[in-house]
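Asker: This structure is in structure tokens; I'll ask about it shortly.
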Amino acid sequence: MPNITPKARQPIGTASSQTKGYVILAGPRTASSTLCHRLQEHRFRCNGEMLWHGRNFAKGLNMTCPVWPLSACTEACFSDSVQTYYANCNTLRWKACGFKVFQPHLRCGTFLNQSINLNVTWLQKFVGKVVILERRNKTQQYLSLAKAFETGCWGFRNCTDGASKIPEYRQRHSMSRVIRDTENWYSALLAAYGKMGLHVYMEDYLSSEKEFNKI
């Protein structure tokens, strides 16, 4: 649940630059959780995968429309939820509030039993700063992702959090397809946010304090 202080809600699209936060556009196995933890140490609130695992955060914002399950989600409610989250950031405690977004997190609503994906540019009107976090070695990223799905161990809580296992992950999701989808995701991110965003490689920010300070 996000750490927020209740304020008067603002209508969609009226956020000032002071109420806008940041977003980390990334993918799984890019050390994005490590980045979130480091940001919080510097008083930047990071609510992780808020638009996916954390969608229930909206209940704490007194939202009257659902963002979960996918079939009940609407773009208007999704937008209102994100707008309200940023507007209610506790700026007395945090320098800014934000979260990370992976490609599947932009799913909202269904049509003919298929989930609807919002265009990545949908986030532009809400955020003041964008960090694009990418991993150079896509092969190692895939292997790490496959291992996490197969073992249910995502590298936190000593792997005892009860995550489900998908032993046949590599049979269902070939390396070539996953890498192609990942590259397409980052191409879309750079096309939409390349001029306004900060593009950082995982390998660089983990090994260089100077690179982390850019963020």
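By convention in this document, the chains of the structure tokens carry letters A, B, ... by their order, each chain's residues are numbered from 1, and ligands are numbered from 1 in the order they are shown.
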In segment 20-130 of chain A, what's strand (DSSP E or B) per DSSP? Answer as a list in words?

Answerer: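 Reading the DSSP output for segment 20-130 of chain A, strand (DSSP E or B) covers Gly21, Tyr22, Val23, Ile24, Leu25, Phe44, Arg45, Cys46, Cys89, Ala96, Cys97, Gly98, Phe99, Lys100, Val101, Arg107, Cys108, Gly109, Thr110, Phe111, Gln114, Ser115, Ile116, Asn117, Val127, Gly128, Lys129 and Val130 of chain A.
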
Asker: For the residues selected in the previous step, produce a file with N, CA, C and O atoms as a compact mmCIF listing (two decimals), in the first residue's frame.

Answerer:
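Writing the result to out-v4.txt gives the following:
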```
# COMPACT_ATOMS: atom_id res chain seq x y z
N GLY A 21 5.08 12.88 -10.60
CA GLY A 21 6.18 12.13 -10.04
C GLY A 21 7.05 11.56 -11.13
O GLY A 21 7.22 12.16 -12.19
N TYR A 22 7.58 10.39 -10.88
CA TYR A 22 8.46 9.74 -11.85
C TYR A 22 7.95 8.34 -12.13
O TYR A 22 7.11 7.79 -11.41
N VAL A 23 8.48 7.75 -13.18
CA VAL A 23 8.16 6.37 -13.51
C VAL A 23 9.42 5.70 -14.05
O VAL A 23 10.22 6.33 -14.73
N ILE A 24 9.60 4.44 -13.67
CA ILE A 24 10.70 3.63 -14.18
C ILE A 24 10.12 2.66 -15.19
O ILE A 24 9.32 1.79 -14.84
N LEU A 25 10.47 2.81 -16.45
CA LEU A 25 10.00 1.92 -17.50
C LEU A 25 11.06 0.85 -17.71
O LEU A 25 12.20 1.15 -18.07
N PHE A 44 13.06 8.95 -2.21
CA PHE A 44 12.18 8.91 -3.37
C PHE A 44 11.30 7.68 -3.22
O PHE A 44 11.77 6.55 -3.31
N ARG A 45 10.03 7.90 -2.94
CA ARG A 45 9.11 6.79 -2.72
C ARG A 45 8.97 5.97 -3.99
O ARG A 45 8.73 6.51 -5.08
N CYS A 46 9.14 4.64 -3.88
CA CYS A 46 9.00 3.76 -5.03
C CYS A 46 8.03 2.65 -4.68
O CYS A 46 8.32 1.82 -3.81
N CYS A 89 0.94 12.28 -3.11
CA CYS A 89 2.28 11.95 -2.63
C CYS A 89 2.61 12.79 -1.40
O CYS A 89 2.43 14.02 -1.40
N ALA A 96 9.78 12.78 -4.06
CA ALA A 96 8.87 12.49 -5.16
C ALA A 96 8.38 11.06 -5.01
O ALA A 96 8.98 10.26 -4.30
N CYS A 97 7.27 10.74 -5.66
CA CYS A 97 6.72 9.40 -5.62
C CYS A 97 6.69 8.82 -7.04
O CYS A 97 6.53 9.56 -8.02
N GLY A 98 6.84 7.51 -7.12
CA GLY A 98 6.79 6.87 -8.42
C GLY A 98 6.74 5.37 -8.29
O GLY A 98 6.62 4.81 -7.20
N PHE A 99 6.83 4.70 -9.42
CA PHE A 99 6.74 3.24 -9.46
C PHE A 99 7.36 2.76 -10.76
O PHE A 99 7.76 3.56 -11.61
N LYS A 100 7.45 1.45 -10.91
CA LYS A 100 8.02 0.89 -12.13
C LYS A 100 6.92 0.26 -12.98
O LYS A 100 5.92 -0.24 -12.46
N VAL A 101 7.12 0.30 -14.28
CA VAL A 101 6.12 -0.23 -15.21
C VAL A 101 6.80 -1.17 -16.20
O VAL A 101 7.78 -0.80 -16.85
N ARG A 107 -2.06 -3.23 -19.16
CA ARG A 107 -3.29 -3.91 -19.57
C ARG A 107 -4.46 -3.39 -18.75
O ARG A 107 -4.38 -3.31 -17.54
N CYS A 108 -5.53 -3.06 -19.42
CA CYS A 108 -6.72 -2.55 -18.72
C CYS A 108 -7.93 -2.82 -19.58
O CYS A 108 -8.03 -2.31 -20.70
N GLY A 109 -8.86 -3.61 -19.05
CA GLY A 109 -10.06 -3.95 -19.81
C GLY A 109 -9.85 -5.15 -20.70
O GLY A 109 -8.72 -5.60 -20.94
N THR A 110 -10.94 -5.72 -21.18
CA THR A 110 -10.88 -6.86 -22.10
C THR A 110 -11.85 -6.64 -23.25
O THR A 110 -12.85 -5.93 -23.14
N PHE A 111 -11.52 -7.25 -24.38
CA PHE A 111 -12.40 -7.22 -25.55
C PHE A 111 -12.33 -8.59 -26.20
O PHE A 111 -11.25 -9.06 -26.55
N GLN A 114 -9.89 -10.93 -24.70
CA GLN A 114 -8.48 -10.59 -24.80
C GLN A 114 -8.23 -9.28 -24.06
O GLN A 114 -9.03 -8.35 -24.16
N SER A 115 -7.10 -9.22 -23.34
CA SER A 115 -6.81 -8.00 -22.59
C SER A 115 -6.46 -6.87 -23.55
O SER A 115 -5.91 -7.08 -24.63
N ILE A 116 -6.80 -5.65 -23.15
CA ILE A 116 -6.53 -4.45 -23.93
C ILE A 116 -5.25 -3.80 -23.39
O ILE A 116 -5.13 -3.58 -22.19
N ASN A 117 -4.31 -3.51 -24.26
CA ASN A 117 -3.06 -2.89 -23.86
C ASN A 117 -3.08 -1.40 -24.18
O ASN A 117 -3.30 -1.01 -25.34
N VAL A 127 3.53 12.01 -15.70
CA VAL A 127 4.85 11.95 -15.08
C VAL A 127 5.70 13.17 -15.40
O VAL A 127 5.56 13.78 -16.45
N GLY A 128 6.59 13.50 -14.45
CA GLY A 128 7.51 14.59 -14.65
C GLY A 128 8.89 14.11 -15.06
O GLY A 128 9.64 14.82 -15.71
N LYS A 129 9.23 12.86 -14.68
CA LYS A 129 10.53 12.29 -15.03
C LYS A 129 10.37 10.82 -15.39
O LYS A 129 9.62 10.10 -14.73
N VAL A 130 11.09 10.42 -16.43
CA VAL A 130 11.03 9.04 -16.91
C VAL A 130 12.43 8.45 -16.90
O VAL A 130 13.38 9.06 -17.40
```

Asker: Just want the 10 Å neighbourhood of Arg136 of chain A, counted on only C-alpha atoms, with same-chain residues fewer than 5 positions away dropped. Output as number ranges by chain.

Answerer: A: 30, 141, 200-204

Asker: Find the residues near Lys138 of chain A: any atom within 10 Å, counting only C-alpha atoms, skip ones fewer than 2 places away on the same chain, and give them as a PyMOL selection string.

Answerer: chain A and resi 29-30+134-136+140-144+175-176+178-180+182-183

Asker: When you look at Leu35 of chain A with a cut-off of 9 Å (counting only C-alpha atoms), what residues show up, excluding the ones that are within fewer than 6 positions of it in the same chain? I need them as an MDAnalysis selection string.

Answerer: chainID A and resid 46 205:206 212

Asker: Quick check, in Å to one decimal: how far apart do atom CA of Leu118 of chain A and atom CA of Leu190 of chain A lie?

Answerer: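 Between atom CA of Leu118 of chain A and atom CA of Leu190 of chain A the gap is 16.4 Å.
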
Asker: When DSSP works through the backbone of this structure, what residues of segment 82-155 of chain A end up as alpha helix (DSSP H), shown as JSON, numbers by chain?

Answerer: {"A": [82, 83, 84, 85, 86, 87, 138, 139, 140, 141, 142, 143, 144, 145, 146, 147, 148, 149, 150, 151]}

Asker: Measuring atom to atom with only C-alpha atoms, identify which of A:His105, A:His173, A:His42, A:Lys125 is nearest to Arg55 of chain A.

Answerer: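 The answer is A:His105, which sits nearest to Arg55 of chain A.
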
Asker: In terms of the shortest atom-to-atom distance over only C-alpha atoms, which of A:Leu198, A:Ala87, A:Arg38, A:Ala191 is closest to Thr121 of chain A?

Answerer: A:Ala191
